[in-house]
Each structure stands twice: as C-alpha cells, then as structure tokens.
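Undergrad: My structure is stored as final24.txt, with compact mmCIF, C-alpha atoms.
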# COMPACT_ATOMS: atom_id res chain seq x y z
CA MET U 121 0.00 0.00 0.00
CA GLY U 122 1.18 3.51 -0.80
CA LYS U 123 2.49 6.04 1.68
CA ILE U 124 0.35 9.16 2.07
CA ILE U 125 2.30 12.38 2.62
CA ALA U 126 0.47 15.62 3.44
CA ILE U 127 2.34 18.83 2.58
CA ALA U 128 1.14 21.42 5.06
CA ASN U 129 1.88 24.87 6.44
CA GLN U 130 -0.84 27.36 7.31
CA LYS U 131 1.48 30.14 6.15
CA GLY U 132 0.92 30.96 2.48
CA GLY U 133 3.60 31.35 -0.17
CA VAL U 134 6.09 28.87 1.29
CA GLY U 135 6.21 26.50 -1.69
CA LYS U 136 3.64 23.85 -0.70
CA THR U 137 2.11 23.49 -4.16
CA THR U 138 5.46 23.77 -5.95
CA THR U 139 6.80 21.00 -3.70
CA ALA U 140 3.70 18.81 -4.12
CA ILE U 141 3.74 19.03 -7.93
CA ASN U 142 7.47 18.60 -8.41
CA LEU U 143 8.05 15.97 -5.75
CA GLY U 144 5.24 13.97 -7.35
CA GLY U 145 6.79 14.53 -10.77
CA CYS U 146 10.20 13.32 -9.56
CA PHE U 147 8.73 10.22 -7.91
CA GLY U 148 7.00 9.56 -11.23
CA VAL U 149 10.13 9.75 -13.39
CA LEU U 150 11.90 7.56 -10.81
CA GLU U 151 9.16 4.99 -11.58
CA TYR U 152 7.17 5.28 -8.37
CA LYS U 153 3.47 5.46 -9.19
CA THR U 154 2.21 8.63 -7.52
CA LEU U 155 -1.17 10.27 -6.94
CA LEU U 156 -1.33 14.02 -6.32
CA VAL U 157 -4.42 15.08 -4.35
CA ASP U 158 -5.22 18.78 -4.65
CA ALA U 159 -6.92 19.65 -1.34
CA ASP U 160 -6.62 23.42 -1.77
CA PRO U 161 -9.67 25.36 -3.09
CA GLN U 162 -7.29 27.61 -5.04
CA ALA U 163 -6.63 24.55 -7.23
CA ASN U 164 -3.09 25.68 -8.11
CA ALA U 165 -1.79 22.10 -8.20
CA THR U 166 -4.56 21.25 -10.67
CA SER U 167 -3.74 24.09 -13.05
CA GLY U 168 -0.02 23.54 -12.42
CA VAL U 169 -0.14 20.15 -14.13
CA GLY U 170 -2.10 21.53 -17.09
CA LEU U 171 -5.73 20.91 -16.11
CA ASP U 172 -8.55 23.42 -16.06
CA PRO U 173 -10.21 23.16 -12.60
CA LYS U 174 -13.54 24.25 -14.11
CA ASN U 175 -13.68 21.28 -16.48
CA SER U 176 -12.94 18.44 -14.09
CA ARG U 177 -14.85 16.48 -11.51
CA ASN U 178 -12.89 17.01 -8.35
CA ILE U 179 -12.17 16.22 -4.72
CA TYR U 180 -15.38 18.00 -3.66
CA ASP U 181 -17.42 15.25 -5.41
CA CYS U 182 -15.48 12.66 -3.46
CA LEU U 183 -15.99 14.27 -0.05
CA ILE U 184 -19.56 15.56 -0.37
CA ASN U 185 -21.23 13.48 -3.11
CA ASP U 186 -19.57 10.17 -2.19
CA VAL U 187 -18.12 9.66 -5.68
CA HIS U 188 -15.51 6.88 -5.77
CA PRO U 189 -12.04 8.49 -6.03
CA SER U 190 -11.09 6.25 -8.97
CA GLU U 191 -13.69 8.13 -11.05
CA LEU U 192 -11.90 11.43 -10.38
CA ILE U 193 -8.31 10.40 -11.10
CA ILE U 194 -6.77 12.02 -14.19
CA PRO U 195 -3.35 11.12 -15.67
CA THR U 196 -0.88 14.00 -16.17
CA SER U 197 1.79 14.49 -18.83
CA ASN U 198 4.37 13.41 -16.25
CA PRO U 199 5.07 9.65 -16.27
CA ASN U 200 3.48 7.74 -13.37
CA LEU U 201 1.81 10.88 -11.96
CA ASP U 202 -1.98 11.09 -11.60
CA ILE U 203 -4.07 13.78 -9.93
CA ILE U 204 -7.40 14.20 -8.18
CA PRO U 205 -8.23 17.85 -9.05
CA SER U 206 -9.61 20.57 -6.81
CA HIS U 207 -12.13 23.35 -7.36
CA ILE U 208 -13.21 26.57 -5.65
CA ASP U 209 -16.32 24.63 -4.46
CA LEU U 210 -14.05 23.05 -1.86
CA VAL U 211 -14.42 26.28 0.15
CA GLY U 212 -18.05 25.30 0.83
CA ALA U 213 -17.18 21.71 1.64
CA GLU U 214 -16.00 22.59 5.15
CA LEU U 215 -19.39 24.07 6.00
CA GLU U 216 -21.23 21.11 4.50
CA MET U 217 -19.06 18.63 6.42
CA ILE U 218 -19.56 20.20 9.85
CA ASN U 219 -22.63 18.14 10.78
CA MET U 220 -21.50 14.92 9.10
CA PRO U 221 -20.48 11.94 11.24
CA ASN U 222 -16.74 11.19 11.13
CA ARG U 223 -16.19 14.52 9.39
CA GLU U 224 -12.43 14.41 10.07
CA GLN U 225 -12.14 10.93 8.50
CA MET U 226 -13.80 11.54 5.13
CA LEU U 227 -10.66 12.04 3.05
CA LYS U 228 -9.03 9.03 4.72
CA GLN U 229 -12.03 6.84 3.88
CA ALA U 230 -11.83 8.01 0.26
CA LEU U 231 -8.08 7.53 -0.19
CA ASP U 232 -8.13 4.10 1.46
CA LYS U 233 -10.07 2.94 -1.62
CA VAL U 234 -7.16 3.69 -3.97
CA LYS U 235 -4.16 3.58 -1.64
CA ASP U 236 -2.99 0.16 -2.81
CA GLN U 237 -2.75 1.37 -6.42
CA TYR U 238 0.07 3.82 -5.69
CA ASP U 239 3.54 3.94 -4.16
CA PHE U 240 2.99 7.50 -2.92
CA ILE U 241 -0.04 9.75 -2.45
CA ILE U 242 0.84 13.42 -1.97
CA ILE U 243 -1.79 15.80 -0.57
CA ASP U 244 -1.37 19.50 -1.30
CA CYS U 245 -3.05 21.25 1.66
CA SER U 246 -4.53 24.73 1.73
CA PRO U 247 -2.78 27.53 3.69
CA SER U 248 -5.02 27.11 6.74
CA LEU U 249 -5.65 24.72 9.60
CA GLY U 250 -9.31 24.21 8.70
CA LEU U 251 -11.34 21.01 8.41
CA ILE U 252 -9.97 20.05 4.99
CA THR U 253 -6.39 20.27 6.28
CA VAL U 254 -7.41 18.28 9.37
CA ASN U 255 -8.84 15.66 6.99
CA ALA U 256 -5.54 15.58 5.10
CA LEU U 257 -3.50 15.13 8.29
CA THR U 258 -5.90 12.42 9.49
CA ALA U 259 -5.55 10.57 6.19
CA ALA U 260 -1.77 10.92 6.01
CA ASP U 261 0.97 8.59 7.19
CA SER U 262 3.30 11.57 7.50
CA VAL U 263 3.35 15.34 7.14
CA MET U 264 5.99 17.39 5.36
CA VAL U 265 6.42 21.08 6.20
CA PRO U 266 7.92 23.49 3.63
CA VAL U 267 9.59 26.54 5.21
CA GLN U 268 10.82 29.44 3.11
CA CYS U 269 14.27 30.88 3.73
CA GLU U 270 12.98 34.31 4.73
CA TYR U 271 12.67 36.45 7.84
CA PHE U 272 9.34 35.07 9.11
CA ALA U 273 10.35 31.44 8.49
CA LEU U 274 9.51 30.15 11.96
CA GLU U 275 6.34 32.21 12.35
CA GLY U 276 3.36 29.94 12.88
CA LEU U 277 5.40 26.72 12.89
CA GLY U 278 4.65 26.22 16.57
CA LYS U 279 0.92 26.40 15.91
CA LEU U 280 1.20 23.88 13.07
CA LEU U 281 3.25 21.48 15.19
CA ASN U 282 0.70 21.83 18.00
CA THR U 283 -2.10 20.97 15.55
CA ILE U 284 -0.13 17.91 14.42
CA LYS U 285 0.26 16.86 18.06
CA ILE U 286 -3.50 17.18 18.65
CA ILE U 287 -4.25 15.08 15.57
CA GLN U 288 -1.73 12.47 16.69
CA GLY U 289 -3.49 12.31 20.05
CA ARG U 290 -7.10 12.28 18.89
CA LEU U 291 -7.43 11.26 15.25
CA ASN U 292 -4.29 9.70 13.80
CA PRO U 293 -1.84 8.17 16.30
CA GLU U 294 0.31 6.85 13.43
CA LEU U 295 0.97 10.30 11.94
CA GLU U 296 4.68 11.10 11.74
CA ILE U 297 6.55 14.23 10.75
CA GLU U 298 8.31 13.36 7.49
CA GLY U 299 10.47 16.43 7.84
CA ILE U 300 10.94 20.12 7.18
CA VAL U 301 12.13 21.21 3.74
CA LEU U 302 13.70 24.63 3.23
CA THR U 303 12.49 26.39 0.09
CA MET U 304 13.17 29.60 -1.89
CA TYR U 305 16.83 29.61 -0.89
CA ASP U 306 18.85 32.45 -2.44
CA THR U 307 22.61 31.96 -2.12
CA ARG U 308 23.17 35.71 -2.53
CA LEU U 309 21.36 36.60 0.69
CA ARG U 310 23.09 36.38 4.06
CA LEU U 311 19.64 36.22 5.67
CA ALA U 312 18.85 32.99 3.80
CA ASN U 313 21.92 31.33 5.30
CA GLN U 314 20.95 32.59 8.76
CA VAL U 315 17.44 31.13 8.38
CA VAL U 316 18.86 27.75 7.30
CA GLU U 317 21.09 27.67 10.39
CA GLU U 318 18.27 28.77 12.69
CA VAL U 319 15.82 26.15 11.42
CA LYS U 320 18.46 23.41 11.63
CA THR U 321 19.35 24.50 15.17
CA HIS U 322 15.70 24.38 16.25
CA PHE U 323 14.64 21.17 14.48
CA GLN U 324 17.93 19.32 13.86
CA ASP U 325 17.32 15.88 12.27
CA LEU U 326 13.80 16.84 11.17
CA VAL U 327 15.28 19.15 8.52
CA PHE U 328 16.03 17.61 5.11
CA ASP U 329 19.57 18.03 3.84
CA THR U 330 18.27 19.07 0.42
CA VAL U 331 17.45 22.78 0.12
CA ILE U 332 15.25 24.06 -2.72
CA HIS U 333 16.82 27.10 -4.40
CA ARG U 334 15.00 30.01 -5.98
CA ASN U 335 14.88 29.18 -9.68
CA THR U 336 13.25 30.91 -12.63
CA LYS U 337 12.36 27.62 -14.31
CA LEU U 338 10.50 26.47 -11.19
CA GLY U 339 8.28 29.56 -11.39
CA GLU U 340 7.86 29.18 -15.14
CA ALA U 341 6.90 25.48 -15.32
CA PRO U 342 3.28 25.81 -14.02
CA SER U 343 2.45 28.28 -16.79
CA PHE U 344 3.23 25.46 -19.22
CA GLY U 345 1.20 22.97 -17.15
CA GLU U 346 4.30 20.86 -16.52
CA THR U 347 6.37 19.60 -13.61
CA ILE U 348 9.92 20.91 -13.49
CA VAL U 349 11.45 17.59 -14.59
CA MET U 350 9.30 17.61 -17.74
CA HIS U 351 9.77 21.32 -18.38
CA GLU U 352 13.54 21.65 -17.91
CA ALA U 353 15.23 18.56 -16.50
CA THR U 354 18.68 20.19 -16.32
CA SER U 355 17.58 23.24 -14.32
CA LYS U 356 18.64 23.83 -10.73
CA GLY U 357 15.01 23.40 -9.61
CA ALA U 358 14.75 19.97 -11.25
CA ILE U 359 18.05 18.82 -9.73
CA ASN U 360 16.95 20.06 -6.29
CA TYR U 361 13.66 18.15 -6.43
CA LEU U 362 15.30 14.99 -7.79
CA ASN U 363 17.74 15.10 -4.87
CA PHE U 364 14.84 15.76 -2.50
CA ALA U 365 12.90 12.76 -3.86
CA ARG U 366 16.05 10.65 -3.50
CA GLU U 367 16.48 11.75 0.12
CA ILE U 368 12.87 10.83 0.97
CA LEU U 369 13.31 7.42 -0.66
CA GLN U 370 16.45 6.87 1.42
CA ARG U 371 14.72 7.90 4.62
CA ASN U 372 11.99 5.38 3.86
CA ASP U 373 14.50 2.62 3.06
CA LEU U 374 13.31 2.42 -0.55
CA THR U 375 16.75 2.67 -2.15
CA LYS U 376 20.09 0.94 -1.77
CA ILE U 377 22.00 4.11 -2.63
CA GLY U 378 24.15 5.37 0.23
CA ASN U 379 23.32 8.73 1.77
CA ASN U 380 26.36 10.45 0.30
CA ASP U 381 26.49 8.61 -3.01
CA LYS U 382 25.17 9.41 -6.45
CA GLN U 383 23.67 12.77 -5.57
CA PHE U 384 22.86 14.84 -8.63
CA GLN U 385 25.08 17.89 -8.87
CA VAL U 386 23.69 21.37 -9.35
CA GLY U 387 25.44 23.44 -12.00
CA ASN U 388 24.80 27.04 -12.95
CA ASP U 389 21.25 28.32 -12.62
CA ILE U 390 19.20 27.84 -15.78
Mind turning this structure into structure tokens?
TA:
Amino acid sequence: MGKIIAIANQKGGVGKTTTAINLGGCFGVLEYKTLLVDADPQANATSGVGLDPKNSRNIYDCLINDVHPSELIIPTSNPNLDIIPSHIDLVGAELEMINMPNREQMLKQALDKVKDQYDFIIIDCSPSLGLITVNALTAADSVMVPVQCEYFALEGLGKLLNTIKIIQGRLNPELEIEGIVLTMYDTRLRLANQVVEEVKTHFQDLVFDTVIHRNTKLGEAPSFGETIVMHEATSKGAINYLNFAREILQRNDLTKIGNNDKQFQVGNDI
C-alpha cells in the first residue's frame, strides 16, 4: 500500500504546491506510481499540471457526493503521476461537512479505496488549519512542512506542530513528521543562510539536507502545465527536487543508494 504524505503549512507562499507538484513529478520519473491530491480550493496544483479546474470532476465530489475516487483520477503528462483535481467549491465543503459523522475521516475513507494502487499519495493542503487540512492530516501517514528561507520562516510553525500533536493524540496516532524542507533559498542573501542555520538548530534531524533554491524555471513550469522535470530537467530546480525525492526514498528505506552517493550535482542556474 502507498504512503500518504500531506504537505502542510498554514502560512501561504512557502512553496507547498510547488513542492507537491514537483516531488510527485520526480517520484514519477523515478518509476514510483504517484497520486497528487489537490486539497486546496485555489486549485493551483490542478492548473499547475495543465488541467482546467472548471472542467474536471474534483475532490469535492469525493468528499460531499460520495463519488468513488477512482472516477476522479486524471493522468498527467508526467510519467506515473496522476491527480485528483480541486475546485473553488471546496471552500463550501468545510461548511457542509460540519454536521456529518466522522467529518475528520472523510478524506481518509476516500483515499483508502485507492491507496494500494500507488507507491505515494501526496496531498497539497490549503494555507489554513481548517477542516480540509485536518482531513488531510488524518488521512496521512506523514506530514511534510515546507519553510521558506525568509525572515518570518519560523512564524506559525509552533501552531502547526501543535495541531499535528493534537491530531496524533485524537485522530491519527500513526501520523509522523516526514520532515521540514527549506524552500526559496537564495545563495546571494546572508539572511537565507541565517534562516537555514536557525531552522536546523531548532529542528535538527527533522530538517532535510536538500534545500530548494529560488529558480526561474520552477516559477515558469506551471504556466506550461508541466512539472519541473518535464519542463527543464537540467535546471537547478529539477536537480533540487530529484535530490529531494532521492532523500525521501532513502529515509523510507526504498533505495540501496548510500546517503552520500550518487547525488545529482547542481550546476549554474538555468
């Protein structure tokens, strides 16, 4: 059965969707069958892989109308990467779910129906700690937290970690923290290096070794409806995410490659 990873941070603009799309894309090209679940009403992950959110049945149908998730899955142009799209209607889903029994378990019940078809299921959460995000954390085996290399990097992390602790205690005792990934790293800024050191000092082994650099191709790829590995496989962003996927596979004992061996090298920014 596949591992479900929720990518969450209630702070917006930290690279959640970019990480969800491109990590899924890298797992795909490494021949791990992956499902991307867009659980954000903004539907940026949906449009980021080239789909029009208005023209697709979506996660709302699964949660509210009890549609089987297999009917909503759409293949992407990236090998081995499928998606369950989102839609702005998901904003209303939280209100509709309030009086439902097991309201925190609805996404878990849905994904359990397709979990054995995939090696990884990645959930792109909305920038909030609302009911949909609670559903994602309840469904997940682990949670990954992107943190941008900027001044307010640690702002709100305590609240998120407290929410994770509550969910571990009440709804999902098996939930683990996959790790913290540092994003939007700019080598030219002294502040970025200070943030990296501060986060590593606070969270130590929870922080992934791989750091995601700022990269023009990363920002450009969604406008083409492509993951970074399909858009520009030699770019710094693609190399970063391939290394990140490799590190996750190693942490989960899914590769025989040693920790310091065969890491892709980053050349000049492209």
Undergrad: Which residues are close to U:Ser206, i.e. within 12 Å by all atoms listed in the file, leaving aside same-chain residues fewer than 3 positions away? Reply as a PyMOL selection string.
TA: chain U and resi 156-169+171-183+192-194+203+209-211+213+243-246+252
Undergrad: I need every residue sitting at most 8 Å from the point (15.8, 18.4, 4.2) (coordinates as in the file, all atoms listed in the file considered), written as a ChimeraX atom specification.
TA: /U:299-302,326-331,364,367
Undergrad: When distances are computed from all atoms listed in the file, which of U:Thr375, U:Asn200, U:Thr354, U:Thr303 shows the smallest separation from U:Val267?
TA: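 When distances to U:Val267 are compared using all atoms listed in the file, the smallest one comes from U:Thr303.
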Undergrad: Please compute the atom CA of U:Ile348-atom CA of U:Arg308 distance, one decimal, in Å.
TA: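 Value for the atom CA of U:Ile348-atom CA of U:Arg308 distance: 22.7 Å.
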Undergrad: Quick one: residues within 12 Å of U:Glu340, only C-alpha atoms, excluding same-chain residues fewer than 4 positions away - as number ranges by chain?
TA: U: 138, 168, 334-336, 344-348, 350-352, 355, 357, 390
Undergrad: Please measure the separation of atom CA of U:Leu295 and atom CA of U:Ser262, giving the value in Å to one decimal.
TA: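 About the pair atom CA of U:Leu295 and atom CA of U:Ser262: they are 5.2 Å apart.
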Undergrad: Take atom CA of U:Gly133 and atom CA of U:Glu294 and report the distance between them in Å, one decimal.
TA: 28.2 Å
Undergrad: Give the centre and edge lengths of an axis-aligned box, in Å to one decimal, that holds all listed atoms of stretch 238-252 of chain U with 3 Å on each side, as JSON.
TA:
{"center_x": -3.9, "center_y": 15.7, "center_z": 2.0, "size_x": 20.9, "size_y": 29.7, "size_z": 21.3}
